[in-house]
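Q: I'd like to ask some things about the structure below.
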Amino acid sequence: MKEPILLIEDEKLMRVTLEDALKSSGYDVISFENGRDAIDALRESYFSIVVTDVRLPDVDGLDILKNIIENKKDTQVILMTAFGSIKDAVEAMKLGAFDYITKPFSLDEFLLLIKRALDVKSLKDENIRLKKDIVKYYSLPNIICESTEMKNVFSLVEKVSESDSTVLILGESGTGKELIATTIHYQGKRKDKPLIKVNCSALPEGLIESELFGHEKGAFTGAIKRKPGRFELADGGTIFLDEVGDFPLSTQAKLLRVIQERRFERVGGTDTLSVDVRIIAATNKNLEEEVKKGRFREDLYYRLNVIPITLPPLRERKEEIPYLIDFFLNKYRDKLFKNTHFSKEAVSTLLNYDYPGNIRELENIVERCVTLSISDVIKKDDLPSFIFKKTDDKKQGSLSYIAAEAEKDHIIRVLRITKGNRTKASEMLGISRKTLWEKINSYGIDL
């Protein structure tokens with residue numbers, strides 16, 4: 001599709017020359033000799049670029065620029081100016097114009113500027129599209145949530161997203177703490193502002209303050225220029241402090257001040273900076289125990305623990321495993337151009353595993369199986385060997401194993417009585433059809 005360009009120039013020869021050059025370069029051009037007609041055209045049609053002279057007989061170029069900005073048009077504006085009115089062009093740049101070009105100029109120079117404006121606009125459009133995709137991806141309906149525990153979690157996420165309250169996300173590694181933090185940000189009023197993520201456990205102790213609060217040039221060896229910190233970069237948006245329980249005590253007091261006052265100084269600086277940030281923290285540690293042991297400040301804990309959200313481990317919400325398997329299968333099948341699926345026996349084995357690494361471990365298992373698969377069916381024998389060891393270790397001789405085997409035999413008998421009719425079988429068993437389906441998959445029953 002040709003890029004639509006609006007050209008405004010009161011000098012006829014200049015207008016015709018530029019219009020011909022743009023059309024010859026493949027652009028769709030409409031031109032006017034005055035500003036009022038151009039504003040009417042802007043009201044009726046969309047243009048990728050507006051090229052306007054600063055000085056026009058009625059409405060000048062600055063007024064046209066202001067009109068575009070006020071109406072939130074996604075349009076790049078280029079000003080053409082004589083040498084004597086460069087001051088106006090600079091003012092236009094401050095207002096939001098893309099650039100200006102000083103008369104007289106060559107057609108090559110002019111067309112190069114047009115191309116650069118379109119390239120920048122294309123990047124902006126792509127960023128907007130990606131941000132919309134991100135917001136959609138992290139919307140609540142698109143996140144797997146089948147267990148009662150996780151439904152309660154997402155009910156809480158929905159309530160806190162629109163607020164600015166500090167949130168503390170608790171849970172084992174791999175349970176999805178970062179996903180929850182990201183969802184809270186993109187479901188809230190700060191979604192168009194930055195989300196800055198900080199892995200507290202990965203920061204070298206000597207550089208933590210610099211990373212969080214920034215530093216001035218010369219503050220320490222290697223500080224060759226001023227650097228903004230993560231809090232400064234997150235201004236207006238959200239900062240996510242992942243594994244906050246790993247912060248050393250020496251830094252916790254300074255973090256407490258930022259949380260209380262939203263004020264700090266860069267390392268080596270004297271100016272106090274203020275920021276407007278929402279704080280979301282996460283940890284796999286029991287902070288109450290860390291406080292008792294003197295490893296975490298009690299006052300900082302209470303500042304962070306305004307709204308706690310606890311994520312259960314995957315072993316306590318196994319009804320979600322089949323859905324997660326399907327999700328990760330689709331992800332890696334598309335990525336690796338394969339049409340792979342798990343056999344019922346393989347799924348049953350995966351359901352019996354306890355996942356000490358939680359969702360992250362399940363994803364790794366699925367990726368590994370899809371990557372190494374040589375056929376369209378991933379069988380039980382294709383699963384990593386460590387799954388069988390831990391599954392067998394917990395089974396042998398345990399009461400739960402004996403009870404599970406009895407339950408499996410009873411389900412098989414009822415299914416045979418009902419000749420495989422799952423609706424009738426679920427009624428006889430006194431469970432829902434969904435629960436029966438999950439147990440059939442879990443036990444690998446195939447009648």
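Residues in the structure tokens are numbered from 1 in each chain, the chains being A, B, ... in the order shown, and ligands are numbered from 1 in the order shown.
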Excluding same-chain residues fewer than 2 positions from segment 270-280 of chain A, what lies within 10 Å of it counting only C-alpha atoms, as a PyMOL selection string?
A: chain A and resi 163-169+178+180-182+184-185+190+193-195+197+213+216+231-242+244+258-259+261-268+282+304-305+307
Q: Mind checking which residues fall within 7 Å of Glu243 of chain A, counting only C-alpha atoms, ignoring those fewer than 3 positions away in the same chain, and posting them as a list in words?
A: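 The neighbour list is Asn199, Cys200, Ser201, Asp246, Ala282, Thr283 and Asn284 of chain A.
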Q: Please produce a file of the residues just selected, as a compact mmCIF listing (two decimals), in the first residue's frame, where the atoms kept are N, CA and C atoms.
A:
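Generated file (part_16.txt):
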```txt
# COMPACT_ATOMS: atom_id res chain seq x y z
N ASN A 199 16.44 -8.89 38.99
CA ASN A 199 16.72 -10.16 39.65
C ASN A 199 17.70 -9.88 40.78
N CYS A 200 17.16 -9.74 42.00
CA CYS A 200 17.98 -9.31 43.13
C CYS A 200 19.10 -10.29 43.45
N SER A 201 18.86 -11.58 43.22
CA SER A 201 19.88 -12.58 43.54
C SER A 201 21.04 -12.56 42.56
N ASP A 246 16.84 -12.15 48.82
CA ASP A 246 18.30 -12.30 48.70
C ASP A 246 19.05 -10.98 48.86
N ALA A 282 8.93 -10.33 44.88
CA ALA A 282 8.67 -11.77 44.89
C ALA A 282 9.84 -12.48 45.57
N THR A 283 9.53 -13.61 46.19
CA THR A 283 10.59 -14.41 46.81
C THR A 283 10.15 -15.85 46.98
N ASN A 284 11.11 -16.75 46.96
CA ASN A 284 10.82 -18.15 47.26
C ASN A 284 11.18 -18.49 48.70
```
Q: Return as a VMD selection string the full set of residues in segment 144-293 of chain A whose backbone-based DSSP assignment is alpha helix (DSSP H).
A: chain A and resid 148 to 161 177 to 186 208 to 213 230 to 233 249 to 261 287 to 292
Q: Can you list every residue in segment 106-322 of chain A that DSSP puts in strand (DSSP E), as a ChimeraX atom specification?
A: /A:167-170,195-199,214-215,227-228,238-242,263-265,272-274,278-283,307-310
Q: Excluding segment 408-422 of chain A and its own-chain neighbours fewer than 4 positions away, which residues fall within 7 Å of it when counting only C-alpha atoms? Please give them as a ChimeraX atom specification.
A: /A:404,426,433,443
Q: Can I get the selected residues back with N, CA, C and O atoms, as a PDB file, in the first residue's frame?
A:
```pdb
ATOM      1  N   ALA A 404      -4.334 -45.590  45.530  1.00  0.00           N
ATOM      2  CA  ALA A 404      -4.461 -45.198  44.124  1.00  0.00           C
ATOM      3  C   ALA A 404      -4.708 -46.409  43.238  1.00  0.00           C
ATOM      4  O   ALA A 404      -5.518 -46.358  42.300  1.00  0.00           O
ATOM      5  N   SER A 426     -19.325 -41.682  35.701  1.00  0.00           N
ATOM      6  CA  SER A 426     -19.097 -40.594  36.665  1.00  0.00           C
ATOM      7  C   SER A 426     -20.240 -40.507  37.672  1.00  0.00           C
ATOM      8  O   SER A 426     -20.025 -40.211  38.853  1.00  0.00           O
ATOM      9  N   ARG A 433     -17.758 -35.530  35.505  1.00  0.00           N
ATOM     10  CA  ARG A 433     -17.187 -36.120  34.300  1.00  0.00           C
ATOM     11  C   ARG A 433     -15.755 -35.613  34.083  1.00  0.00           C
ATOM     12  O   ARG A 433     -14.887 -36.355  33.631  1.00  0.00           O
ATOM     13  N   TYR A 443      -4.232 -42.303  35.480  1.00  0.00           N
ATOM     14  CA  TYR A 443      -3.929 -43.729  35.657  1.00  0.00           C
ATOM     15  C   TYR A 443      -3.581 -44.427  34.337  1.00  0.00           C
ATOM     16  O   TYR A 443      -3.219 -45.602  34.320  1.00  0.00           O
TER      17      TYR A 443
END
```
Q: Skipping near chain neighbours, those fewer than 5 positions away, what residues fall within 12 Å of Arg43 of chain A using only C-alpha atoms, listed as a list in words?
A: Arg36, Asp37, Ala38, Ile64, Asn67, Ile68, Glu70, Asn71, Lys72 and Lys73 of chain A
Q: When distances are computed from only C-alpha atoms, which of A:Thr251, A:Thr340, A:Thr435, A:Thr183 shows the smallest separation from Pro204 of chain A?
A: A:Thr251
Q: Need to verify the contact set: Val291 of chain A, 12 Å, only C-alpha atoms, exclusion of same-chain residues closer than 3 positions in sequence. Can you return it as a PyMOL selection string?
A: chain A and resi 245+249+285-288+294-302
Q: Write out as an MDAnalysis selection string which residues come within 12 Å of Pro356 of chain A when counting only C-alpha atoms, dropping same-chain ones fewer than 6 positions away.
A: chainID A and resid 172:175 313:316 362 386:387 390
Q: Taking 2 positions as the minimum chain separation for residues in the same chain, which residues sit within 10 Å of segment 22-25 of chain A when counting only C-alpha atoms? Answer as a PyMOL selection string.
A: chain A and resi 2+5+7+16-20+27-30+107+110-111+114
Q: If I take atom CA of Ala41 of chain A and atom CA of Leu6 of chain A, how far is one from the other in Å, to one decimal?
A: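 Spanning atom CA of Ala41 of chain A to atom CA of Leu6 of chain A is a straight-line distance of 8.6 Å.
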Q: Rounded to one decimal place, report the atom CA of Glu126 of chain A-atom CA of Thr75 of chain A distance in Å.
A: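 Result for atom CA of Glu126 of chain A versus atom CA of Thr75 of chain A: 14.4 Å, one decimal.
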